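Listing of target.cif; format and content: mmCIF, C-alpha atoms.
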data_my_file
loop_
_atom_site.label_atom_id
_atom_site.label_comp_id
_atom_site.auth_asym_id
_atom_site.auth_seq_id
_atom_site.Cartn_x
_atom_site.Cartn_y
_atom_site.Cartn_z
CA MET D 613 -0.59 48.27 -14.94
CA SER D 614 2.22 50.83 -14.82
CA LEU D 615 1.12 54.11 -13.35
CA ARG D 616 3.18 56.81 -11.66
CA ILE D 617 1.83 59.31 -9.16
CA LEU D 618 3.91 61.96 -7.41
CA ARG D 619 5.16 60.83 -4.00
CA GLY D 620 2.95 63.06 -1.92
CA ILE D 621 -0.18 62.32 -3.94
CA LEU D 622 0.54 58.60 -3.91
CA PHE D 623 0.76 58.58 -0.13
CA ILE D 624 -2.45 60.56 0.31
CA PHE D 625 -4.31 58.58 -2.33
CA SER D 626 -3.37 55.22 -0.78
CA ALA D 627 -4.46 56.42 2.65
CA LEU D 628 -7.79 57.59 1.28
CA ILE D 629 -8.50 54.22 -0.28
CA ILE D 630 -7.53 52.32 2.84
CA ASN D 631 -9.63 54.56 5.06
CA TYR D 632 -12.62 54.63 2.73
CA ASP D 633 -15.84 55.20 4.66
CA SER D 634 -19.04 54.39 2.80
CA THR D 635 -21.04 56.78 4.98
CA SER D 636 -19.28 59.71 3.29
CA TYR D 637 -20.18 58.50 -0.19
CA GLY D 638 -23.15 60.17 -1.87
CA GLN D 639 -25.13 59.39 -5.00
CA GLY D 640 -24.01 62.53 -6.77
CA ASP D 641 -24.87 66.04 -5.67
CA ILE D 642 -25.57 68.34 -8.59
CA ASN D 643 -23.40 71.38 -9.20
CA ASN D 644 -26.07 73.24 -11.18
CA PRO D 645 -29.81 72.79 -10.46
CA ILE D 646 -31.88 71.01 -13.10
CA ASP D 647 -35.11 72.58 -14.28
CA PRO D 648 -37.84 70.61 -12.43
CA ASN D 649 -39.86 70.62 -15.66
CA ASP D 650 -37.05 68.87 -17.55
CA THR D 651 -38.36 65.41 -16.76
CA GLU D 652 -36.13 63.59 -19.28
CA THR D 653 -32.89 64.99 -17.83
CA ILE D 654 -34.09 64.26 -14.31
CA LYS D 655 -34.90 60.70 -15.39
CA ALA D 656 -31.38 60.26 -16.80
CA VAL D 657 -29.74 61.66 -13.66
CA ASP D 658 -31.82 59.41 -11.41
CA PHE D 659 -30.83 56.43 -13.56
CA TYR D 660 -27.16 57.39 -13.22
CA ARG D 661 -27.45 57.96 -9.46
CA ASN D 662 -28.99 54.53 -9.02
CA TYR D 663 -26.01 53.06 -10.85
CA LEU D 664 -23.57 54.82 -8.51
CA ALA D 665 -25.56 53.67 -5.48
CA GLU D 666 -25.12 50.04 -6.57
CA PHE D 667 -21.41 50.28 -5.84
CA ARG D 668 -21.97 51.77 -2.40
CA ILE D 669 -24.52 49.10 -1.46
CA GLN D 670 -22.68 46.13 -3.01
CA LYS D 671 -19.04 46.95 -2.39
CA ALA D 672 -18.13 43.25 -2.35
CA SER D 673 -19.65 42.56 -5.77
CA LEU D 674 -20.38 44.28 -9.06
CA PRO D 675 -23.91 45.31 -10.04
CA ASP D 676 -26.12 43.57 -12.55
CA PHE D 677 -24.89 45.35 -15.67
CA THR D 678 -27.91 44.23 -17.69
CA LYS D 679 -29.99 46.77 -15.74
CA TYR D 680 -27.82 49.65 -16.97
CA TRP D 681 -26.02 48.73 -20.19
CA SER D 682 -27.32 47.66 -23.58
CA ALA D 683 -27.79 44.00 -24.45
CA ASP D 684 -25.07 44.33 -27.10
CA ASP D 685 -22.54 45.73 -24.60
CA CYS D 686 -23.39 43.07 -22.02
CA LYS D 687 -22.96 40.38 -24.64
CA ARG D 688 -19.65 41.77 -25.86
CA TYR D 689 -18.11 42.65 -22.48
CA LEU D 690 -18.07 40.88 -19.15
CA VAL D 691 -17.64 44.38 -17.66
CA PRO D 692 -19.21 46.84 -20.14
CA ASP D 693 -18.17 50.01 -18.29
CA PRO D 694 -14.72 51.13 -19.56
CA GLU D 695 -14.37 53.68 -16.74
CA LEU D 696 -15.08 51.25 -13.90
CA PHE D 697 -11.46 50.23 -13.32
CA GLY D 698 -9.89 53.09 -15.23
CA VAL D 699 -8.14 54.67 -12.23
CA ASP D 700 -7.35 51.61 -10.12
CA ALA D 701 -7.22 48.05 -11.44
CA THR D 702 -9.05 46.60 -8.44
CA ILE D 703 -11.18 49.37 -6.87
CA PRO D 704 -14.16 50.79 -8.80
CA THR D 705 -13.68 54.39 -9.91
CA TYR D 706 -16.96 55.31 -8.24
CA LEU D 707 -15.68 54.30 -4.79
CA LEU D 708 -12.50 56.38 -4.95
CA GLY D 709 -14.19 59.69 -4.19
CA THR D 710 -17.42 61.49 -3.50
CA PRO D 711 -19.30 62.21 -6.75
CA ARG D 712 -20.48 65.67 -7.74
CA ILE D 713 -22.40 65.96 -11.00
CA LEU D 714 -20.97 68.98 -12.83
CA TYR D 715 -23.72 69.03 -15.41
CA ALA D 716 -26.34 66.94 -17.20
CA ARG D 717 -26.77 68.10 -20.78
CA PRO D 718 -29.48 66.69 -23.08
CA ALA D 719 -28.92 66.29 -26.82
CA GLY D 720 -31.80 64.54 -28.53
CA ASN D 721 -32.38 61.17 -26.88
CA ILE D 722 -29.01 61.24 -25.09
CA VAL D 723 -28.17 62.96 -21.80
CA HIS D 724 -24.47 63.62 -21.24
CA ILE D 725 -23.54 63.56 -17.52
CA LYS D 726 -20.14 64.86 -16.38
CA THR D 727 -19.07 64.02 -12.81
CA MET D 728 -16.13 64.90 -10.58
CA PHE D 729 -15.04 62.33 -7.97
CA SER D 730 -12.96 63.86 -5.18
CA ARG D 731 -11.94 63.54 -1.55
CA ASN D 732 -10.37 65.85 0.99
CA ASP D 733 -6.70 65.31 1.80
CA SER D 734 -5.25 65.31 5.32
CA ASN D 735 -5.19 69.13 5.26
CA GLY D 736 -8.83 69.37 4.27
CA ARG D 737 -8.06 70.41 0.71
CA PRO D 738 -9.93 68.85 -2.22
CA LEU D 739 -8.13 66.06 -4.05
CA VAL D 740 -9.71 65.31 -7.43
CA ILE D 741 -9.49 61.62 -8.33
CA SER D 742 -11.28 61.68 -11.68
CA ILE D 743 -13.72 63.50 -13.93
CA THR D 744 -15.95 61.11 -15.87
CA ASN D 745 -18.43 61.28 -18.73
CA HIS D 746 -21.52 59.09 -18.95
CA TYR D 747 -24.10 59.03 -21.72
CA VAL D 748 -27.66 57.90 -20.98
CA MET D 749 -29.92 56.88 -23.85
CA LEU D 750 -33.62 57.64 -23.35
CA LYS D 751 -36.20 56.29 -25.79
CA ASP D 752 -39.95 55.90 -25.53
CA HIS D 753 -41.02 52.47 -24.28
CA ILE D 754 -37.38 51.32 -23.94
CA PRO D 755 -35.61 51.25 -20.53
CA ALA D 756 -32.78 53.77 -20.18
CA TYR D 757 -29.25 52.50 -20.75
CA PHE D 758 -25.69 53.79 -20.89
CA ILE D 759 -23.90 54.26 -24.19
CA ASN D 760 -20.30 53.10 -24.05
CA PRO D 761 -18.15 56.29 -24.18
CA THR D 762 -15.70 54.56 -26.53
CA LEU D 763 -18.52 54.43 -29.10
CA VAL D 764 -19.22 58.12 -28.61
CA ASN D 765 -15.53 58.95 -29.09
CA SER D 766 -14.67 56.46 -31.83
CA ASN D 767 -15.70 58.48 -34.89
CA GLN D 768 -12.09 59.53 -35.50
CA TRP D 769 -10.64 56.08 -34.77
CA THR D 770 -9.96 53.12 -37.02
CA PHE D 771 -8.85 49.51 -36.55
CA LYS D 772 -6.62 46.80 -37.97
CA ARG D 773 -6.25 43.14 -37.04
CA ILE D 774 -2.88 41.35 -36.88
CA ARG D 775 -3.17 37.68 -35.93
CA ASN D 776 -5.14 37.54 -32.64
CA ILE D 777 -4.89 41.27 -31.81
CA THR D 778 -7.34 43.86 -33.07
CA TYR D 779 -5.72 47.30 -32.87
CA TYR D 780 -7.86 50.43 -32.42
CA TYR D 781 -6.17 53.79 -32.85
CA PRO D 782 -6.77 57.40 -33.97
CA SER D 783 -7.13 57.65 -37.74
CA SER D 784 -4.40 60.32 -37.71
CA HIS D 785 -1.89 57.68 -36.57
CA HIS D 786 0.14 55.88 -39.23
CA PHE D 787 -0.12 52.20 -38.32
CA ASP D 788 3.33 50.63 -37.82
CA ARG D 789 2.96 47.13 -39.21
CA LYS D 790 6.57 46.27 -38.31
CA LYS D 791 5.86 46.92 -34.63
CA ALA D 792 2.64 44.91 -34.80
CA LEU D 793 4.47 41.94 -36.35
CA SER D 794 7.12 42.22 -33.64
CA MET D 795 4.32 41.97 -31.07
CA ALA D 796 2.92 38.92 -32.87
CA LYS D 797 6.32 37.19 -32.71
CA LYS D 798 6.56 37.79 -28.97
CA VAL D 799 3.02 36.52 -28.44
CA ILE D 800 3.66 33.36 -30.46
CA ALA D 801 6.85 32.68 -28.46
CA LEU D 802 4.94 33.13 -25.19
CA GLU D 803 2.16 30.78 -26.32
CA ARG D 804 4.64 28.11 -27.34
CA GLU D 805 6.70 28.33 -24.19
CA TRP D 806 3.67 28.19 -21.91
CA GLU D 807 1.72 25.80 -24.19
CA ILE D 808 -1.38 27.99 -24.15
CA SER D 809 -3.91 29.02 -26.81
CA PRO D 810 -4.13 32.47 -28.39
CA VAL D 811 -6.19 35.11 -26.56
CA ASP D 812 -8.46 37.33 -28.65
CA ILE D 813 -7.23 40.79 -27.65
CA HIS D 814 -8.69 44.26 -28.25
CA TYR D 815 -5.76 46.69 -28.13
CA TYR D 816 -6.56 50.42 -27.86
CA PHE D 817 -3.61 52.76 -28.22
CA ALA D 818 -2.72 56.36 -28.97
CA ASP D 819 0.39 58.52 -28.98
CA THR D 820 -0.30 59.90 -25.49
CA ARG D 821 -1.89 58.66 -22.29
CA GLU D 822 -4.38 61.53 -22.27
CA GLU D 823 -5.78 60.52 -25.66
CA ILE D 824 -6.53 57.05 -24.32
CA GLU D 825 -8.13 58.40 -21.14
CA HIS D 826 -10.36 60.75 -23.13
CA PHE D 827 -11.33 57.88 -25.42
CA ARG D 828 -12.43 55.81 -22.42
CA GLY D 829 -14.60 58.65 -21.11
CA PHE D 830 -12.33 60.49 -18.69
CA ASP D 831 -11.61 64.20 -18.76
CA PHE D 832 -9.11 63.64 -15.95
CA THR D 833 -7.63 60.94 -13.73
CA ILE D 834 -5.23 61.42 -10.84
CA SER D 835 -2.38 59.78 -12.78
CA MET D 836 -2.63 62.29 -15.63
CA GLY D 837 -0.85 65.61 -15.87
CA ASN D 838 2.74 64.52 -15.22
CA ARG D 839 5.40 64.30 -17.92
CA ASP D 840 4.11 61.88 -20.52
CA LYS D 841 5.77 58.49 -20.92
CA PRO D 842 4.74 55.07 -22.24
CA SER D 843 2.11 53.58 -19.97
CA GLY D 844 -0.71 51.10 -20.13
CA MET D 845 -3.41 49.15 -18.38
CA SER D 846 -4.90 45.73 -19.02
CA ASP D 847 -8.54 44.75 -18.52
CA GLY D 848 -8.45 41.04 -17.84
CA ALA D 849 -12.23 40.69 -17.65
CA ASN D 850 -12.64 41.82 -21.26
CA ASN D 851 -9.19 40.98 -22.72
CA ILE D 852 -8.56 44.64 -23.48
CA VAL D 853 -5.30 46.60 -23.46
CA TYR D 854 -5.19 50.39 -23.22
CA CYS D 855 -1.84 52.06 -23.76
CA GLY D 856 -0.36 55.39 -24.71
CA GLY D 857 3.05 56.33 -26.03
CA TRP D 858 4.36 52.93 -27.13
CA GLY D 859 2.31 52.18 -30.20
CA GLU D 860 1.61 48.68 -31.44
CA ASN D 861 4.12 46.80 -29.30
CA TYR D 862 3.30 47.22 -25.59
CA PHE D 863 3.93 43.57 -24.74
CA HIS D 864 3.86 44.14 -20.95
CA GLU D 865 0.06 44.49 -20.84
CA VAL D 866 -0.46 41.57 -23.21
CA VAL D 867 1.51 39.34 -20.82
CA HIS D 868 -0.96 40.30 -18.08
CA LEU D 869 -3.88 39.14 -20.24
CA TYR D 870 -2.19 35.84 -21.03
CA LEU D 871 -0.75 34.85 -17.65
CA ASN D 872 -2.43 36.68 -14.74
CA LYS D 873 -5.42 34.33 -14.77
CA TYR D 874 -3.22 31.33 -13.99
CA PHE D 875 -1.77 32.91 -10.83
CA PRO D 876 -4.52 35.14 -9.36
CA GLN D 877 -3.00 35.16 -5.85
CA SER D 878 0.64 35.59 -6.83
CA PRO D 879 2.53 38.69 -5.64
CA LEU D 880 4.76 38.35 -8.73
CA THR D 881 2.30 39.00 -11.60
CA GLU D 882 3.50 42.56 -12.15
CA GLY D 883 7.09 41.31 -12.06
CA LEU D 884 6.19 38.61 -14.59
CA ALA D 885 5.00 41.28 -17.04
CA VAL D 886 8.19 43.30 -16.43
CA PHE D 887 10.33 40.19 -16.93
CA TYR D 888 8.79 39.45 -20.32
CA GLY D 889 7.74 42.88 -21.50
CA GLY D 890 9.67 45.53 -19.61
CA SER D 891 7.90 48.61 -18.26
CA MET D 892 7.13 52.09 -19.59
CA GLY D 893 9.14 51.64 -22.76
CA HIS D 894 12.28 50.04 -21.26
CA GLU D 895 13.36 46.48 -20.61
CA LEU D 896 14.24 45.03 -17.21
CA PRO D 897 18.06 45.65 -17.40
CA TRP D 898 17.50 49.39 -17.90
CA HIS D 899 15.36 49.64 -14.77
CA VAL D 900 17.68 47.46 -12.69
CA LYS D 901 20.68 49.62 -13.58
CA ARG D 902 18.84 52.74 -12.43
CA LEU D 903 17.66 51.04 -9.25
CA TYR D 904 21.20 49.84 -8.51
CA GLU D 905 22.60 53.37 -8.85
CA TYR D 906 19.82 54.72 -6.65
CA LEU D 907 20.38 52.14 -3.90
CA GLN D 908 24.13 52.77 -4.01
CA SER D 909 23.42 56.43 -3.24
CA HIS D 910 20.80 55.70 -0.58
CA ARG D 911 22.20 53.20 1.86
CA GLU D 912 19.69 54.41 4.44
CA ILE D 913 16.79 52.82 2.55
CA LYS D 914 15.83 49.44 3.98
CA LEU D 915 14.09 47.02 1.64
CA TYR D 916 12.01 45.15 4.19
CA SER D 917 8.66 46.14 2.69
CA LEU D 918 8.38 46.63 -1.06
CA ASP D 919 5.00 48.31 -0.60
CA ASP D 920 6.76 51.22 1.11
CA LEU D 921 8.93 51.96 -1.92
CA VAL D 922 7.95 54.84 -4.20
CA TYR D 923 8.91 55.58 -7.78
CA LEU D 924 12.48 56.74 -8.28
CA ASP D 925 11.26 59.23 -10.87
CA ASN D 926 8.85 59.32 -13.80
CA PHE D 927 9.92 55.92 -15.16
CA THR D 928 11.27 53.38 -12.68
CA ASN D 929 9.10 51.61 -10.13
CA PRO D 930 11.48 49.87 -7.68
CA LYS D 931 8.87 47.38 -6.51
CA SER D 932 7.95 46.09 -9.98
CA THR D 933 11.66 46.09 -10.91
CA ILE D 934 12.50 43.88 -7.92
CA LEU D 935 9.56 41.57 -8.67
CA GLY D 936 10.80 41.31 -12.26
CA LEU D 937 14.25 40.40 -10.92
CA LEU D 938 12.77 37.61 -8.80
CA CYS D 939 11.05 36.21 -11.89
CA ASP D 940 14.33 36.43 -13.80
CA LYS D 941 16.20 34.66 -11.00
CA ALA D 942 13.69 31.81 -10.91
CA TYR D 943 13.66 31.44 -14.69
CA ASN D 944 17.45 31.30 -14.95
CA ALA D 945 17.62 28.77 -12.12
CA GLY D 946 15.14 26.29 -13.55
CA ARG D 947 13.44 27.77 -16.63
CA LEU D 948 9.64 27.64 -16.76
CA ASP D 949 9.15 25.02 -14.02
CA ALA D 950 11.01 27.14 -11.47
CA LEU D 951 9.20 30.30 -12.59
CA LYS D 952 5.80 28.63 -12.23
CA ARG D 953 6.77 27.35 -8.79
CA SER D 954 7.63 30.88 -7.67
CA LEU D 955 4.37 32.21 -9.08
CA ASN D 956 2.35 29.72 -7.06
CA TYR D 957 3.35 31.31 -3.74
CA VAL D 958 0.71 33.66 -2.32
CA SER D 959 3.13 35.85 -0.35
CA LEU D 960 6.56 37.26 -1.00
CA SER D 961 7.84 36.26 2.44
CA ALA D 962 6.87 32.62 1.87
CA LEU D 963 8.58 32.65 -1.53
CA LEU D 964 11.83 34.04 -0.13
CA GLN D 965 11.86 31.76 2.90
CA GLN D 966 11.07 28.52 1.08
CA GLU D 967 12.84 29.07 -2.25
CA TYR D 968 15.89 31.04 -1.10
CA LYS D 969 16.00 30.48 2.69
CA VAL D 970 15.84 34.24 3.27
CA GLU D 971 14.27 35.38 6.54
CA ALA D 972 12.73 38.83 7.04
CA ASP D 973 15.85 40.25 8.69
CA ASP D 974 17.95 39.28 5.67
CA PHE D 975 15.57 40.61 3.02
CA ASP D 976 17.35 43.94 2.55
CA THR D 977 20.75 42.31 2.03
CA PHE D 978 19.33 39.68 -0.31
CA ILE D 979 17.56 42.21 -2.55
CA ARG D 980 20.50 44.61 -2.67
CA ASP D 981 22.82 41.76 -3.64
CA LEU D 982 20.32 40.56 -6.27
CA VAL D 983 20.07 44.04 -7.79
CA ALA D 984 23.85 44.54 -7.78
CA ARG D 985 24.67 41.18 -9.37
CA TYR D 986 22.15 41.66 -12.15
CA ALA D 987 23.14 45.29 -12.86
CA LEU D 988 26.83 44.45 -13.10
CA ALA D 989 26.16 41.39 -15.26
CA HIS D 990 24.06 43.44 -17.70
CA ASN D 991 26.20 46.55 -17.67
CA GLY D 992 25.72 48.43 -20.94
CA ASN D 993 22.65 46.43 -21.99
CA GLU D 994 19.10 47.78 -22.31
#
Step by step, read the file and then write its structure as structure tokens.
Amino acid sequence: MSLRILRGILFIFSALIINYDSTSYGQGDINNPIDPNDTETIKAVDFYRNYLAEFRIQKASLPDFTKYWSADDCKRYLVPDPELFGVDATIPTYLLGTPRILYARPAGNIVHIKTMFSRNDSNGRPLVISITNHYVMLKDHIPAYFINPTLVNSNQWTFKRIRNITYYYPSSHHFDRKKALSMAKKVIALEREWEISPVDIHYYFADTREEIEHFRGFDFTISMGNRDKPSGMSDGANNIVYCGGWGENYFHEVVHLYLNKYFPQSPLTEGLAVFYGGSMGHELPWHVKRLYEYLQSHREIKLYSLDDLVYLDNFTNPKSTILGLLCDKAYNAGRLDALKRSLNYVSLSALLQQEYKVEADDFDTFIRDLVARYALAHNGNE
């Protein structure tokens, strides 16, 4: 996943997640009272609240989706809720803030529930994390269930299959077959090099990030609202890619679907996707050049903890760029065997100590030298 959040928001948001306190989490207060005689809407809201409560009670595991989603959705998807990991790839959306139901609006057998998830920042001001849309189907003699928001929003979308990738996109978009075939060539090369079988991928894309978020059921997420740029997210549980702004050829997220499962504990998986597929519309050399220039101008920055680094700007993530460089270094030293060996380490410090004999005190010098050598060697290349 490649997401950029403004420095201040990123700091606050990370702190909120780390300091999450389940006692502050509710089941969804309602912004506007519901008519007590509207039993169907109340039934739908109670159903939805029970779903939210599952995440508070079972934070270490996911709920039984068969209690809330249709049999077809549960058969098709391991995780049938497209909003569940729509804000953060590892933390459920419903645990990132306190829910407040903005409204519950009935339309025939369906009740549309719109919810804001927010927290207070360190100054006590509200910080909105997301605004979601859920659709509850109510029918006589049939238990209530959620309708996948992508089905609700798909009436203006179409699809096309190229090899093992099914592309879904707005019908207003002119499908670029050349880009799709370029993606297929990259996928085939990856399969051959790694000696792995094709993955059946569902690839949802649009011209902007906001179109994709709306399609998945979000009115807003905390990563929206900045200057638009190519970005994406992969759903490894369901072999789904969501991306905006890079059309039919966002290889970065496809690499995640192919390779992440083989190295679930590796700190290099994001770097692996950058190594093969670049990031946010640009290949690794482009990001390294920008990082090199930035580090040359900021000698005061010490690279002892990559987690402390923030985005240079709207495009370059220094941490993922450095991780991509480490993958490149391993690959050039011993091709795939060396790369796999690096990916089998479960910590960055162990990798650097055992593969490169770099201790913690030397990490800053090692990384700066790595960045400089690569940037100068690829000067003028994308």
Separation of CA of Asn861 (chain D) from CA of Ser794 (chain D) in Å: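 Taking CA of Ser794 (chain D) as the start and CA of Asn861 (chain D) as the end point, the length is 7.0 Å.
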Point out the residue among D:Leu802, D:Ala796, D:Gly856, D:Tyr663 with the least atom-to-atom distance to Pro782 (chain D), counting all atoms listed in the file. D:Gly856
Residues in the PyMOL selection byres ((chain D and resi 652) around 9), expressed as a list in words: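 Output of the PyMOL selection byres ((chain D and resi 652) around 9): Asn649, Asp650, Thr651, Thr653, Ile654, Lys655, Ala656, Val657, Pro718, Asn721, Val723 and Leu750 of chain D.
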With the PyMOL selection byres ((chain D and resi 779) around 10) as the selection, what would be picked from this file? Answer as number ranges by chain, please. D: 770-774, 776-778, 780-781, 787, 792, 813-817, 853, 859-860
Mind checking which residues fall within 7 Å of Asp831 (chain D), counting all atoms listed in the file, ignoring those fewer than 4 positions away in the same chain, and posting them as a compact mmCIF listing (two decimals) with C-alpha atoms, keeping the file's coordinate frame?
# COMPACT_ATOMS: atom_id res chain seq x y z
CA ILE D 743 -13.72 63.50 -13.93
CA THR D 744 -15.95 61.11 -15.87
CA HIS D 826 -10.36 60.75 -23.13
Please identify all polymer residues within 12 Å of Lys687 (chain D), counting only C-alpha atoms, omitting same-chain residues fewer than 6 positions from it, and present them as a VMD selection string. chain D and resid 677 to 678 681 850
Apply the PyMOL selection byres ((chain D and resi 691-699) around 8) to the file shown and report the selected residues as a PDB file with C-alpha atoms, in the coordinates of the input.
ATOM      1  CA  PHE D 677     -24.890  45.350 -15.670  1.00  0.00           C
ATOM      2  CA  TRP D 681     -26.020  48.730 -20.190  1.00  0.00           C
ATOM      3  CA  ASP D 685     -22.540  45.730 -24.600  1.00  0.00           C
ATOM      4  CA  CYS D 686     -23.390  43.070 -22.020  1.00  0.00           C
ATOM      5  CA  ARG D 688     -19.650  41.770 -25.860  1.00  0.00           C
ATOM      6  CA  TYR D 689     -18.110  42.650 -22.480  1.00  0.00           C
ATOM      7  CA  LEU D 690     -18.070  40.880 -19.150  1.00  0.00           C
ATOM      8  CA  ASP D 700      -7.350  51.610 -10.120  1.00  0.00           C
ATOM      9  CA  ALA D 701      -7.220  48.050 -11.440  1.00  0.00           C
ATOM     10  CA  THR D 702      -9.050  46.600  -8.440  1.00  0.00           C
ATOM     11  CA  ILE D 703     -11.180  49.370  -6.870  1.00  0.00           C
ATOM     12  CA  PRO D 704     -14.160  50.790  -8.800  1.00  0.00           C
ATOM     13  CA  THR D 705     -13.680  54.390  -9.910  1.00  0.00           C
ATOM     14  CA  TYR D 706     -16.960  55.310  -8.240  1.00  0.00           C
ATOM     15  CA  SER D 742     -11.280  61.680 -11.680  1.00  0.00           C
ATOM     16  CA  THR D 744     -15.950  61.110 -15.870  1.00  0.00           C
ATOM     17  CA  ASN D 760     -20.300  53.100 -24.050  1.00  0.00           C
ATOM     18  CA  PRO D 761     -18.150  56.290 -24.180  1.00  0.00           C
ATOM     19  CA  THR D 762     -15.700  54.560 -26.530  1.00  0.00           C
ATOM     20  CA  ARG D 828     -12.430  55.810 -22.420  1.00  0.00           C
ATOM     21  CA  GLY D 829     -14.600  58.650 -21.110  1.00  0.00           C
ATOM     22  CA  PHE D 830     -12.330  60.490 -18.690  1.00  0.00           C
ATOM     23  CA  THR D 833      -7.630  60.940 -13.730  1.00  0.00           C
ATOM     24  CA  ILE D 834      -5.230  61.420 -10.840  1.00  0.00           C
ATOM     25  CA  SER D 835      -2.380  59.780 -12.780  1.00  0.00           C
ATOM     26  CA  ALA D 849     -12.230  40.690 -17.650  1.00  0.00           C
ATOM     27  CA  ASN D 850     -12.640  41.820 -21.260  1.00  0.00           C
TER      28      ASN D 850
END
By how many Å are CA of Gly857 (chain D) and CA of Tyr986 (chain D) apart?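 According to the coordinates, CA of Gly857 (chain D) and CA of Tyr986 (chain D) are separated by 27.8 Å.
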Since the input is missing atoms, can you rebuild N, CA and C atoms for region 940-955 of chain D and write them as a CSV table (one decimal), in the coordinates of the input?
chain,number,residue,atom,x,y,z
D,940,ASP,N,13.1,36.7,-13.0
D,940,ASP,CA,14.3,36.4,-13.8
D,940,ASP,C,15.2,35.4,-13.1
D,941,LYS,N,15.4,35.6,-11.8
D,941,LYS,CA,16.2,34.7,-11.0
D,941,LYS,C,15.6,33.2,-11.0
D,942,ALA,N,14.3,33.1,-10.9
D,942,ALA,CA,13.7,31.8,-10.9
D,942,ALA,C,13.8,31.2,-12.3
D,943,TYR,N,13.6,32.0,-13.3
D,943,TYR,CA,13.7,31.4,-14.7
D,943,TYR,C,15.1,30.9,-15.0
D,944,ASN,N,16.1,31.7,-14.6
D,944,ASN,CA,17.4,31.3,-15.0
D,944,ASN,C,17.9,30.1,-14.1
D,945,ALA,N,17.3,29.9,-13.0
D,945,ALA,CA,17.6,28.8,-12.1
D,945,ALA,C,17.0,27.5,-12.6
D,946,GLY,N,15.8,27.5,-13.1
D,946,GLY,CA,15.1,26.3,-13.6
D,946,GLY,C,14.1,26.5,-14.6
D,947,ARG,N,14.3,27.5,-15.5
D,947,ARG,CA,13.4,27.8,-16.6
D,947,ARG,C,12.0,27.9,-16.2
D,948,LEU,N,11.1,27.4,-17.0
D,948,LEU,CA,9.6,27.6,-16.8
D,948,LEU,C,9.1,26.9,-15.5
D,949,ASP,N,9.6,25.7,-15.2
D,949,ASP,CA,9.2,25.0,-14.0
D,949,ASP,C,9.4,25.8,-12.8
D,950,ALA,N,10.6,26.4,-12.7
D,950,ALA,CA,11.0,27.1,-11.5
D,950,ALA,C,10.2,28.4,-11.4
D,951,LEU,N,10.0,29.1,-12.6
D,951,LEU,CA,9.2,30.3,-12.6
D,951,LEU,C,7.8,30.0,-12.1
D,952,LYS,N,7.2,29.0,-12.6
D,952,LYS,CA,5.8,28.6,-12.2
D,952,LYS,C,5.7,28.3,-10.7
D,953,ARG,N,6.7,27.7,-10.2
D,953,ARG,CA,6.8,27.4,-8.8
D,953,ARG,C,6.8,28.6,-8.0
D,954,SER,N,7.6,29.6,-8.4
D,954,SER,CA,7.6,30.9,-7.7
D,954,SER,C,6.3,31.6,-7.7
D,955,LEU,N,5.6,31.5,-8.9
D,955,LEU,CA,4.4,32.2,-9.1
D,955,LEU,C,3.2,31.6,-8.3
